[in-house]
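This is model-v3.pdb (PDB, C-alpha atoms and all ligand atoms).
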```
ATOM      1  CA  MET H   1       0.000   0.000   0.000
ATOM      2  CA  THR H   2       2.922   2.377   0.710
ATOM      3  CA  GLY H   3       3.855   2.511  -2.951
ATOM      4  CA  GLU H   4       0.432   3.967  -3.675
ATOM      5  CA  LEU H   5       0.731   6.783  -1.163
ATOM      6  CA  SER H   6       1.010  10.229  -2.685
ATOM      7  CA  PRO H   7       3.786  12.565  -1.459
ATOM      8  CA  ILE H   8       1.132  14.493   0.487
ATOM      9  CA  ASP H   9      -0.037  11.316   2.240
ATOM     10  CA  LYS H  10       3.555  10.382   3.024
ATOM     11  CA  ALA H  11       4.068  13.855   4.482
ATOM     12  CA  LYS H  12       0.935  13.492   6.618
ATOM     13  CA  PHE H  13       2.020  10.046   7.730
ATOM     14  CA  VAL H  14       5.529  11.043   8.848
ATOM     15  CA  ALA H  15       4.165  14.076  10.715
ATOM     16  CA  ALA H  16       1.663  11.825  12.499
ATOM     17  CA  LYS H  17       4.245   9.144  13.207
ATOM     18  CA  ARG H  18       6.672  11.674  14.732
ATOM     19  CA  ALA H  19       3.913  13.201  16.882
ATOM     20  CA  ALA H  20       2.867   9.740  18.082
ATOM     21  CA  GLU H  21       6.363   9.413  19.591
ATOM     22  CA  MET H  22       5.447  12.288  21.940
ATOM     23  CA  VAL H  23       2.702  10.191  23.534
ATOM     24  CA  GLU H  24       3.753   8.519  26.770
ATOM     25  CA  ASP H  25       2.323   5.661  28.750
ATOM     26  CA  GLY H  26      -0.596   6.715  30.953
ATOM     27  CA  MET H  27      -1.374   9.917  29.059
ATOM     28  CA  ARG H  28      -4.831  11.270  28.347
ATOM     29  CA  VAL H  29      -4.675  12.308  24.703
ATOM     30  CA  GLY H  30      -7.007  14.414  22.577
ATOM     31  CA  LEU H  31      -7.414  12.784  19.180
ATOM     32  CA  GLY H  32      -8.012  15.188  16.306
ATOM     33  CA  THR H  33     -10.107  14.758  13.191
ATOM     34  CA  GLY H  34      -9.255  14.604   9.503
ATOM     35  CA  SER H  35      -6.982  12.666   7.193
ATOM     36  CA  THR H  36      -3.742  13.585   9.029
ATOM     37  CA  ALA H  37      -5.223  12.876  12.456
ATOM     38  CA  ALA H  38      -6.463   9.531  11.120
ATOM     39  CA  TRP H  39      -2.809   8.567  10.520
ATOM     40  CA  LEU H  40      -2.054   9.514  14.098
ATOM     41  CA  VAL H  41      -4.862   7.338  15.419
ATOM     42  CA  ARG H  42      -3.580   4.409  13.340
ATOM     43  CA  CYS H  43      -0.019   4.953  14.606
ATOM     44  CA  LEU H  44      -1.223   5.065  18.221
ATOM     45  CA  GLY H  45      -3.338   1.956  17.674
ATOM     46  CA  GLU H  46      -0.232   0.180  16.421
ATOM     47  CA  MET H  47       1.700   1.311  19.526
ATOM     48  CA  VAL H  48      -1.126   0.021  21.747
ATOM     49  CA  ARG H  49      -1.058  -3.355  19.990
ATOM     50  CA  SER H  50       2.658  -3.867  19.536
ATOM     51  CA  GLU H  51       4.216  -1.963  22.455
ATOM     52  CA  GLY H  52       1.452  -2.218  25.056
ATOM     53  CA  LEU H  53       1.069   1.586  25.200
ATOM     54  CA  ARG H  54      -1.689   2.437  27.663
ATOM     55  CA  ILE H  55      -3.502   5.688  26.922
ATOM     56  CA  LYS H  56      -6.964   7.139  27.196
ATOM     57  CA  GLY H  57      -8.068   8.925  24.046
ATOM     58  CA  VAL H  58     -10.630  11.705  23.839
ATOM     59  CA  PRO H  59     -11.902  11.845  20.244
ATOM     60  CA  THR H  60     -12.983  15.106  18.616
ATOM     61  CA  SER H  61     -15.619  13.618  16.308
ATOM     62  CA  THR H  62     -17.723  10.515  15.791
ATOM     63  CA  ARG H  63     -15.416   9.609  12.866
ATOM     64  CA  THR H  64     -12.336   9.665  15.062
ATOM     65  CA  ALA H  65     -14.127   7.793  17.835
ATOM     66  CA  GLU H  66     -15.022   5.001  15.407
ATOM     67  CA  LEU H  67     -11.462   4.745  14.067
ATOM     68  CA  ALA H  68      -9.956   4.826  17.568
ATOM     69  CA  ARG H  69     -12.224   1.985  18.686
ATOM     70  CA  GLU H  70     -11.375   0.049  15.543
ATOM     71  CA  VAL H  71      -7.612   0.244  16.191
ATOM     72  CA  GLY H  72      -7.941  -0.636  19.881
ATOM     73  CA  ILE H  73      -7.477   2.705  21.660
ATOM     74  CA  ASP H  74      -9.422   3.109  24.910
ATOM     75  CA  ILE H  75     -11.646   6.127  24.518
ATOM     76  CA  ILE H  76     -13.281   8.251  27.182
ATOM     77  CA  SER H  77     -15.289  11.461  27.098
ATOM     78  CA  LEU H  78     -13.730  14.845  27.796
ATOM     79  CA  ASP H  79     -15.729  15.114  30.991
ATOM     80  CA  GLU H  80     -14.371  11.771  32.167
ATOM     81  CA  ALA H  81     -10.835  12.908  31.355
ATOM     82  CA  LYS H  82     -11.440  16.433  32.724
ATOM     83  CA  TRP H  83      -8.034  17.599  31.485
ATOM     84  CA  LEU H  84      -5.655  16.226  28.875
ATOM     85  CA  ASP H  85      -1.899  15.884  28.751
ATOM     86  CA  LEU H  86      -1.715  16.378  25.031
ATOM     87  CA  THR H  87      -3.916  16.900  21.987
ATOM     88  CA  ILE H  88      -2.665  16.049  18.508
ATOM     89  CA  ASP H  89      -4.668  17.290  15.549
ATOM     90  CA  GLY H  90      -4.362  18.369  11.929
ATOM     91  CA  ALA H  91      -4.974  21.853  10.542
ATOM     92  CA  ASP H  92      -6.049  23.444   7.291
ATOM     93  CA  GLU H  93      -3.510  26.262   7.601
ATOM     94  CA  PHE H  94      -0.846  27.330  10.093
ATOM     95  CA  ASP H  95       1.257  30.491  10.181
ATOM     96  CA  GLY H  96       4.618  31.400  11.689
ATOM     97  CA  ASP H  97       3.047  32.084  15.104
ATOM     98  CA  LEU H  98       1.370  28.665  14.959
ATOM     99  CA  ASN H  99      -2.077  30.211  14.690
ATOM    100  CA  LEU H 100      -4.393  27.988  12.733
ATOM    101  CA  ILE H 101      -7.439  27.640  10.550
ATOM    102  CA  LYS H 102      -9.281  24.431  11.350
ATOM    103  CA  GLY H 103     -12.677  22.978  10.544
ATOM    104  CA  GLY H 104     -12.250  21.879   6.938
ATOM    105  CA  GLY H 105     -13.692  18.575   8.094
ATOM    106  CA  GLY H 106     -16.410  20.237  10.160
ATOM    107  CA  ALA H 107     -15.080  19.216  13.574
ATOM    108  CA  LEU H 108     -13.774  22.600  14.783
ATOM    109  CA  LEU H 109     -16.055  22.938  17.801
ATOM    110  CA  GLN H 110     -15.089  19.733  19.587
ATOM    111  CA  GLU H 111     -11.514  20.208  18.396
ATOM    112  CA  LYS H 112     -11.244  23.656  19.968
ATOM    113  CA  ILE H 113     -12.804  22.534  23.241
ATOM    114  CA  VAL H 114     -10.496  19.522  23.476
ATOM    115  CA  ALA H 115      -7.324  21.415  22.463
ATOM    116  CA  THR H 116      -8.069  24.168  24.972
ATOM    117  CA  ALA H 117      -8.492  21.588  27.727
ATOM    118  CA  SER H 118      -4.975  20.227  27.125
ATOM    119  CA  ASP H 119      -1.575  21.009  28.564
ATOM    120  CA  ARG H 120      -0.195  21.018  25.052
ATOM    121  CA  MET H 121      -1.568  21.053  21.499
ATOM    122  CA  VAL H 122       0.549  19.545  18.759
ATOM    123  CA  VAL H 123      -0.486  20.122  15.158
ATOM    124  CA  ILE H 124       0.515  17.663  12.468
ATOM    125  CA  ALA H 125       0.546  18.942   8.924
ATOM    126  CA  ASP H 126       2.152  18.569   5.557
ATOM    127  CA  LYS H 127       4.334  21.464   4.427
ATOM    128  CA  ALA H 128       1.631  22.716   2.002
ATOM    129  CA  LYS H 129      -0.467  23.867   4.976
ATOM    130  CA  GLU H 130       2.072  26.513   5.970
ATOM    131  CA  VAL H 131       1.114  30.086   5.041
ATOM    132  CA  GLU H 132       2.512  33.513   5.661
ATOM    133  CA  THR H 133      -0.929  34.941   6.401
ATOM    134  CA  LEU H 134      -4.009  32.897   7.248
ATOM    135  CA  GLY H 135      -7.084  33.120   5.036
ATOM    136  CA  ALA H 136      -6.544  31.498   1.653
ATOM    137  CA  PHE H 137      -8.379  28.486   3.084
ATOM    138  CA  PRO H 138     -12.046  29.445   3.659
ATOM    139  CA  LEU H 139     -12.631  30.087   7.346
ATOM    140  CA  PRO H 140     -15.254  27.704   8.793
ATOM    141  CA  VAL H 141     -17.748  29.257  11.193
ATOM    142  CA  GLU H 142     -20.183  26.958  12.990
ATOM    143  CA  VAL H 143     -23.707  28.384  13.313
ATOM    144  CA  ILE H 144     -26.866  27.013  14.858
ATOM    145  CA  PRO H 145     -29.543  26.012  12.312
ATOM    146  CA  PHE H 146     -32.158  28.382  13.797
ATOM    147  CA  GLY H 147     -32.102  31.559  11.707
ATOM    148  CA  TRP H 148     -28.846  30.618   9.999
ATOM    149  CA  GLN H 149     -29.534  32.939   7.056
ATOM    150  CA  THR H 150     -29.921  35.878   9.442
ATOM    151  CA  THR H 151     -26.676  34.850  11.121
ATOM    152  CA  GLN H 152     -25.031  34.673   7.702
ATOM    153  CA  ALA H 153     -26.219  38.231   6.925
ATOM    154  CA  LEU H 154     -24.811  39.440  10.263
ATOM    155  CA  VAL H 155     -21.511  37.705   9.561
ATOM    156  CA  GLU H 156     -21.299  39.399   6.149
ATOM    157  CA  GLU H 157     -22.150  42.816   7.629
ATOM    158  CA  THR H 158     -19.452  42.304  10.226
ATOM    159  CA  LEU H 159     -16.890  41.478   7.536
ATOM    160  CA  VAL H 160     -17.766  44.692   5.720
ATOM    161  CA  ALA H 161     -17.494  46.684   8.956
ATOM    162  CA  MET H 162     -14.104  45.108   9.624
ATOM    163  CA  ASN H 163     -12.910  45.888   6.111
ATOM    164  CA  VAL H 164     -11.919  42.282   5.508
ATOM    165  CA  MET H 165     -10.741  41.660   1.918
ATOM    166  CA  GLY H 166     -13.045  38.834   0.823
ATOM    167  CA  ARG H 167     -16.620  38.856   2.066
ATOM    168  CA  LYS H 168     -18.295  35.954   0.315
ATOM    169  CA  THR H 169     -19.802  33.361   2.646
ATOM    170  CA  THR H 170     -21.258  30.016   1.644
ATOM    171  CA  LEU H 171     -23.280  27.427   3.510
ATOM    172  CA  ARG H 172     -21.365  24.157   3.534
ATOM    173  CA  MET H 173     -23.322  21.430   1.782
ATOM    174  CA  ASN H 174     -23.380  17.667   1.983
ATOM    175  CA  GLY H 175     -24.837  16.730  -1.387
ATOM    176  CA  ASP H 176     -28.172  18.524  -1.705
ATOM    177  CA  ALA H 177     -28.564  19.167   2.036
ATOM    178  CA  ALA H 178     -26.799  21.511   4.425
ATOM    179  CA  PHE H 179     -23.814  19.880   6.134
ATOM    180  CA  VAL H 180     -24.602  19.008   9.749
ATOM    181  CA  THR H 181     -21.856  18.878  12.382
ATOM    182  CA  ASP H 182     -21.617  16.359  15.220
ATOM    183  CA  GLU H 183     -23.314  18.991  17.376
ATOM    184  CA  GLY H 184     -26.226  19.349  14.936
ATOM    185  CA  ASN H 185     -25.099  22.726  13.579
ATOM    186  CA  HIS H 186     -24.266  24.113  10.138
ATOM    187  CA  ILE H 187     -21.009  25.579   8.811
ATOM    188  CA  LEU H 188     -20.575  28.855   6.951
ATOM    189  CA  ASP H 189     -17.342  29.019   4.970
ATOM    190  CA  LEU H 190     -15.922  32.540   4.796
ATOM    191  CA  HIS H 191     -13.913  33.183   1.621
ATOM    192  CA  LEU H 192     -11.649  35.919   2.914
ATOM    193  CA  ASN H 193      -8.436  35.405   0.886
ATOM    194  CA  ARG H 194      -6.332  37.002   3.591
ATOM    195  CA  ILE H 195      -7.009  37.585   7.295
ATOM    196  CA  GLY H 196      -5.145  40.691   8.403
ATOM    197  CA  ASN H 197      -6.026  40.507  12.094
ATOM    198  CA  ALA H 198      -6.926  36.922  12.926
ATOM    199  CA  ARG H 199      -7.102  37.525  16.676
ATOM    200  CA  GLN H 200      -9.637  40.322  16.296
ATOM    201  CA  LEU H 201     -11.698  38.423  13.720
ATOM    202  CA  ALA H 202     -11.871  35.367  15.982
ATOM    203  CA  LEU H 203     -13.163  37.460  18.875
ATOM    204  CA  VAL H 204     -15.657  39.453  16.822
ATOM    205  CA  MET H 205     -17.140  36.414  15.039
ATOM    206  CA  ASN H 206     -17.955  34.783  18.364
ATOM    207  CA  GLN H 207     -19.946  37.865  19.454
ATOM    208  CA  ILE H 208     -22.535  37.329  16.710
ATOM    209  CA  PRO H 209     -25.678  35.626  18.014
ATOM    210  CA  GLY H 210     -26.084  32.314  16.206
ATOM    211  CA  VAL H 211     -22.345  31.775  15.823
ATOM    212  CA  VAL H 212     -21.225  28.889  17.985
ATOM    213  CA  GLU H 213     -17.495  28.941  17.218
ATOM    214  CA  ASN H 214     -15.047  29.808  14.479
ATOM    215  CA  GLY H 215     -12.117  27.868  13.043
ATOM    216  CA  LEU H 216      -9.387  30.320  14.053
ATOM    217  CA  PHE H 217      -7.178  28.761  16.726
ATOM    218  CA  ILE H 218      -5.198  31.635  18.195
ATOM    219  CA  ASP H 219      -2.481  30.966  20.793
ATOM    220  CA  ILE H 220      -3.726  27.403  21.264
ATOM    221  CA  CYS H 221      -1.120  25.402  19.346
ATOM    222  CA  ASP H 222       2.263  24.893  21.033
ATOM    223  CA  THR H 223       4.057  22.707  18.517
ATOM    224  CA  VAL H 224       3.691  21.913  14.852
ATOM    225  CA  VAL H 225       5.159  18.807  13.288
ATOM    226  CA  VAL H 226       5.631  19.520   9.601
ATOM    227  CA  GLY H 227       5.887  16.503   7.314
ATOM    228  CA  TYR H 228       7.525  16.360   3.884
ATOM    229  CA  GLY H 229       6.950  13.829   1.125
ATOM    230  CA  ASP H 230      10.508  12.483   1.374
ATOM    231  CA  GLY H 231      10.166  11.492   5.039
ATOM    232  CA  LYS H 232      11.662  14.649   6.520
ATOM    233  CA  VAL H 233       9.916  16.102   9.570
ATOM    234  CA  GLU H 234      10.418  19.376  11.396
ATOM    235  CA  VAL H 235       9.247  19.841  14.958
ATOM    236  CA  ARG H 236       8.720  23.544  15.621
ATOM    237  CA  ASP H 237       7.945  24.612  19.174
ATOM    238  CA  ILE H 238       6.619  28.129  19.676
ATOM    239  CA  ASN H 239       7.276  28.197  23.444
ATOM    240  CA  GLU H 240      10.846  26.942  23.233
ATOM    241  CA  GLY H 241      11.546  28.720  19.948
ATOM    242  CA  THR H 242      13.190  25.543  18.645
ATOM    243  CA  ILE H 243      13.133  23.661  15.347
ATOM    244  CA  GLU H 244      14.279  20.031  15.282
ATOM    245  CA  THR H 245      14.707  18.115  12.056
ATOM    246  CA  ASP H 246      14.293  14.383  11.735
ATOM    247  CA  ARG H 247      13.767  11.782   9.029
ATOM    248  CA  LEU H 248      11.382   8.848   9.294
ATOM    249  CA  GLU H 249      11.165   5.640   7.328
ATOM    250  CA  PHE H 250       7.895   4.403   5.888
ATOM    251  CA  MET H 251       6.883   1.159   7.520
ATOM    252  CA  GLU H 252       5.738  -0.934   4.606
ATOM    253  CA  SER H 253       5.691  -4.086   6.678
ATOM    254  CA  ASP H 254       3.125  -3.078   9.261
ATOM    255  CA  ASN H 255      -0.581  -2.870   8.787
ATOM    256  CA  LEU H 256      -0.988   0.887   9.077
ATOM    257  CA  PHE H 257      -1.554   1.128   5.386
ATOM    258  CA  ALA H 258      -4.068  -1.663   5.155
ATOM    259  CA  ASP H 259      -7.162   0.346   5.914
ATOM    260  CA  LEU H 260      -7.080   3.792   4.406
ATOM    261  CA  GLY H 261     -10.233   5.449   5.602
ATOM    262  CA  ASP H 262     -10.993   9.164   5.932
TER     263      ASP H 262
HETATM  264  O1  LIG I 301     -12.540  19.703  10.957
HETATM  265  C1  LIG I 301     -11.491  19.201  10.603
HETATM  266  C2  LIG I 301     -10.195  19.486  11.182
HETATM  267  O2  LIG I 301     -10.037  20.792  11.625
HETATM  268  C3  LIG I 301      -8.978  18.983  10.447
HETATM  269  O3  LIG I 301      -7.951  18.927  11.381
HETATM  270  C4  LIG I 301      -8.512  19.833   9.311
HETATM  271  O4  LIG I 301      -9.578  20.055   8.422
HETATM  272  C5  LIG I 301      -7.326  19.188   8.568
HETATM  273  O5  LIG I 301      -7.737  18.020   7.967
HETATM  274  P1  LIG I 301      -6.765  17.161   7.055
HETATM  275  O6  LIG I 301      -5.742  16.570   7.940
HETATM  276  O7  LIG I 301      -7.666  16.123   6.432
HETATM  277  O8  LIG I 301      -6.193  18.082   6.024
END
```
Do you think you could lay out the structure here as structure tokens?
Ligand SMILES: O=C[C@H](O)[C@H](O)[C@H](O)COP(=O)(O)O
Amino acid sequence: MTGELSPIDKAKFVAAKRAAEMVEDGMRVGLGTGSTAAWLVRCLGEMVRSEGLRIKGVPTSTRTAELAREVGIDIISLDEAKWLDLTIDGADEFDGDLNLIKGGGGALLQEKIVATASDRMVVIADKAKEVETLGAFPLPVEVIPFGWQTTQALVEETLVAMNVMGRKTTLRMNGDAAFVTDEGNHILDLHLNRIGNARQLALVMNQIPGVVENGLFIDICDTVVVGYGDGKVEVRDINEGTIETDRLEFMESDNLFADLGD
């Protein structure tokens, strides 16, 4: 199966594999959502099976919960865990300050709650996710279904008032129907092109009635593990101000590649 992996998938895999090495026996770990986080869950499952790693995982979506169960990770709810040692998750974009856009997979609400309830958040991403300024990726904003069109109008008015470059917003769809999150909400995608003041936008969006949460993660991520298609990984820590470089081998022999979901 390894031979069929694209360079992007290899990059996601090595980032996930390197981050999995940060997980220690006995930890309570937040498990992110998305294709990169799915690699992490598979890597951790393999460590549980082959090395006897004992962890409690708190999944950030029903998809991740299903995969974690499938690979043999013990899962508990956030309220059972109360606080987490570490959360590892993907991102749609990250900048030099390790601020993020998340929610491309619709799981931003649980992801933000779980990451915030953790001693440390580690993001795993392929190099293509790195940007100078956030905003090329449409910003997901989770809204409650009641009056969502009114909320959308308020969001657009706010963007105009804030003089944000792009102002188009679209309701995320799932086929012919509106996409529904795990919490029963909808997602508005904000096509902004460039977010000049991400901190301010994140605060202002959450003041709009009907908005539940937005996909800007500001000052939440501590470390990003950047994966490259040739197996190189960089571990950048914003608190320590360090960058470590490593190189990982693809493990063609194990069964991580057998079940490519997500
Ligand atoms: O809602 C989804 C999450 O925020 C994901 O972490 C994000 O969309 C990145 O996903 P992927 O690893 O599939 O690019």
Give me the residues within 8 Å of Asp182 in chain H as number ranges by chain, counting all atoms listed in the file and dropping any in the same chain fewer than 5 places off.
H: 61-62, 107
If we count only C-alpha atoms, what is near Thr242 in chain H at a cut-off of 12 Å, once residues fewer than 4 positions away on the same chain are taken out, given as number ranges by chain?
H: 222-225, 234-238
Emit as AutoDock Vina command-line options the padded axis-aligned box for all listed atoms of ligand LIG 301 (chain I), 8 Å per side, with centre and edge lengths in Å to one decimal.
```
--center_x -9.1 --center_y 18.5 --center_z 8.8 --size_x 22.8 --size_y 20.7 --size_z 21.6
```
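Using all atoms listed in the file, the smallest distance between any of H:Trp83, H:Phe217, H:Tyr228, H:Phe250 and ligand LIG 301 (chain I) comes from H:Phe217.
In this comparison, which uses all atoms listed in the file, the residue of H:Arg120, H:Val212, H:Glu66, H:Leu100 approaching Thr151 in chain H most closely is H:Val212.
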I'd like a table as a Markdown table: residues in chain H with an atom no more than 7 Å from ligand LIG 301 (chain I), each row giving the shortest atom pair and its distance in Å to one decimal, all atoms listed in the file counted, sorted by chain and rising residue number.
```
| residue | atom | partner | partner_atom | distance |
| --- | --- | --- | --- | --- |
| H:Gly32 | CA | I:LIG301 | O3 | 6.2 |
| H:Thr33 | CA | I:LIG301 | O3 | 5.0 |
| H:Gly34 | CA | I:LIG301 | O7 | 3.8 |
| H:Ser35 | CA | I:LIG301 | O7 | 3.6 |
| H:Thr36 | CA | I:LIG301 | O6 | 3.8 |
| H:Ala37 | CA | I:LIG301 | O6 | 5.9 |
| H:Asp89 | CA | I:LIG301 | O3 | 5.6 |
| H:Gly90 | CA | I:LIG301 | O3 | 3.7 |
| H:Ala91 | CA | I:LIG301 | C5 | 4.1 |
| H:Asp92 | CA | I:LIG301 | C5 | 4.6 |
| H:Lys102 | CA | I:LIG301 | O2 | 3.7 |
| H:Gly103 | CA | I:LIG301 | O1 | 3.3 |
| H:Gly104 | CA | I:LIG301 | O4 | 3.6 |
| H:Gly105 | CA | I:LIG301 | O1 | 3.3 |
| H:Gly106 | CA | I:LIG301 | O1 | 4.0 |
| H:Ala107 | CA | I:LIG301 | O1 | 3.7 |
| H:Leu108 | CA | I:LIG301 | O1 | 5.0 |
| H:Glu111 | CA | I:LIG301 | O2 | 7.0 |
| H:Ala125 | CA | I:LIG301 | O6 | 6.8 |
```
Preceding selection exported with C-alpha atoms as a PDB file, in the frame of the given file:
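So the final result, stored in selection.pdb, reads:
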```pdb
ATOM      1  CA  GLY H  32      -8.012  15.188  16.306  1.00  0.00           C
ATOM      2  CA  THR H  33     -10.107  14.758  13.191  1.00  0.00           C
ATOM      3  CA  GLY H  34      -9.255  14.604   9.503  1.00  0.00           C
ATOM      4  CA  SER H  35      -6.982  12.666   7.193  1.00  0.00           C
ATOM      5  CA  THR H  36      -3.742  13.585   9.029  1.00  0.00           C
ATOM      6  CA  ALA H  37      -5.223  12.876  12.456  1.00  0.00           C
ATOM      7  CA  ASP H  89      -4.668  17.290  15.549  1.00  0.00           C
ATOM      8  CA  GLY H  90      -4.362  18.369  11.929  1.00  0.00           C
ATOM      9  CA  ALA H  91      -4.974  21.853  10.542  1.00  0.00           C
ATOM     10  CA  ASP H  92      -6.049  23.444   7.291  1.00  0.00           C
ATOM     11  CA  LYS H 102      -9.281  24.431  11.350  1.00  0.00           C
ATOM     12  CA  GLY H 103     -12.677  22.978  10.544  1.00  0.00           C
ATOM     13  CA  GLY H 104     -12.250  21.879   6.938  1.00  0.00           C
ATOM     14  CA  GLY H 105     -13.692  18.575   8.094  1.00  0.00           C
ATOM     15  CA  GLY H 106     -16.410  20.237  10.160  1.00  0.00           C
ATOM     16  CA  ALA H 107     -15.080  19.216  13.574  1.00  0.00           C
ATOM     17  CA  LEU H 108     -13.774  22.600  14.783  1.00  0.00           C
ATOM     18  CA  GLU H 111     -11.514  20.208  18.396  1.00  0.00           C
ATOM     19  CA  ALA H 125       0.546  18.942   8.924  1.00  0.00           C
TER      20      ALA H 125
END
```
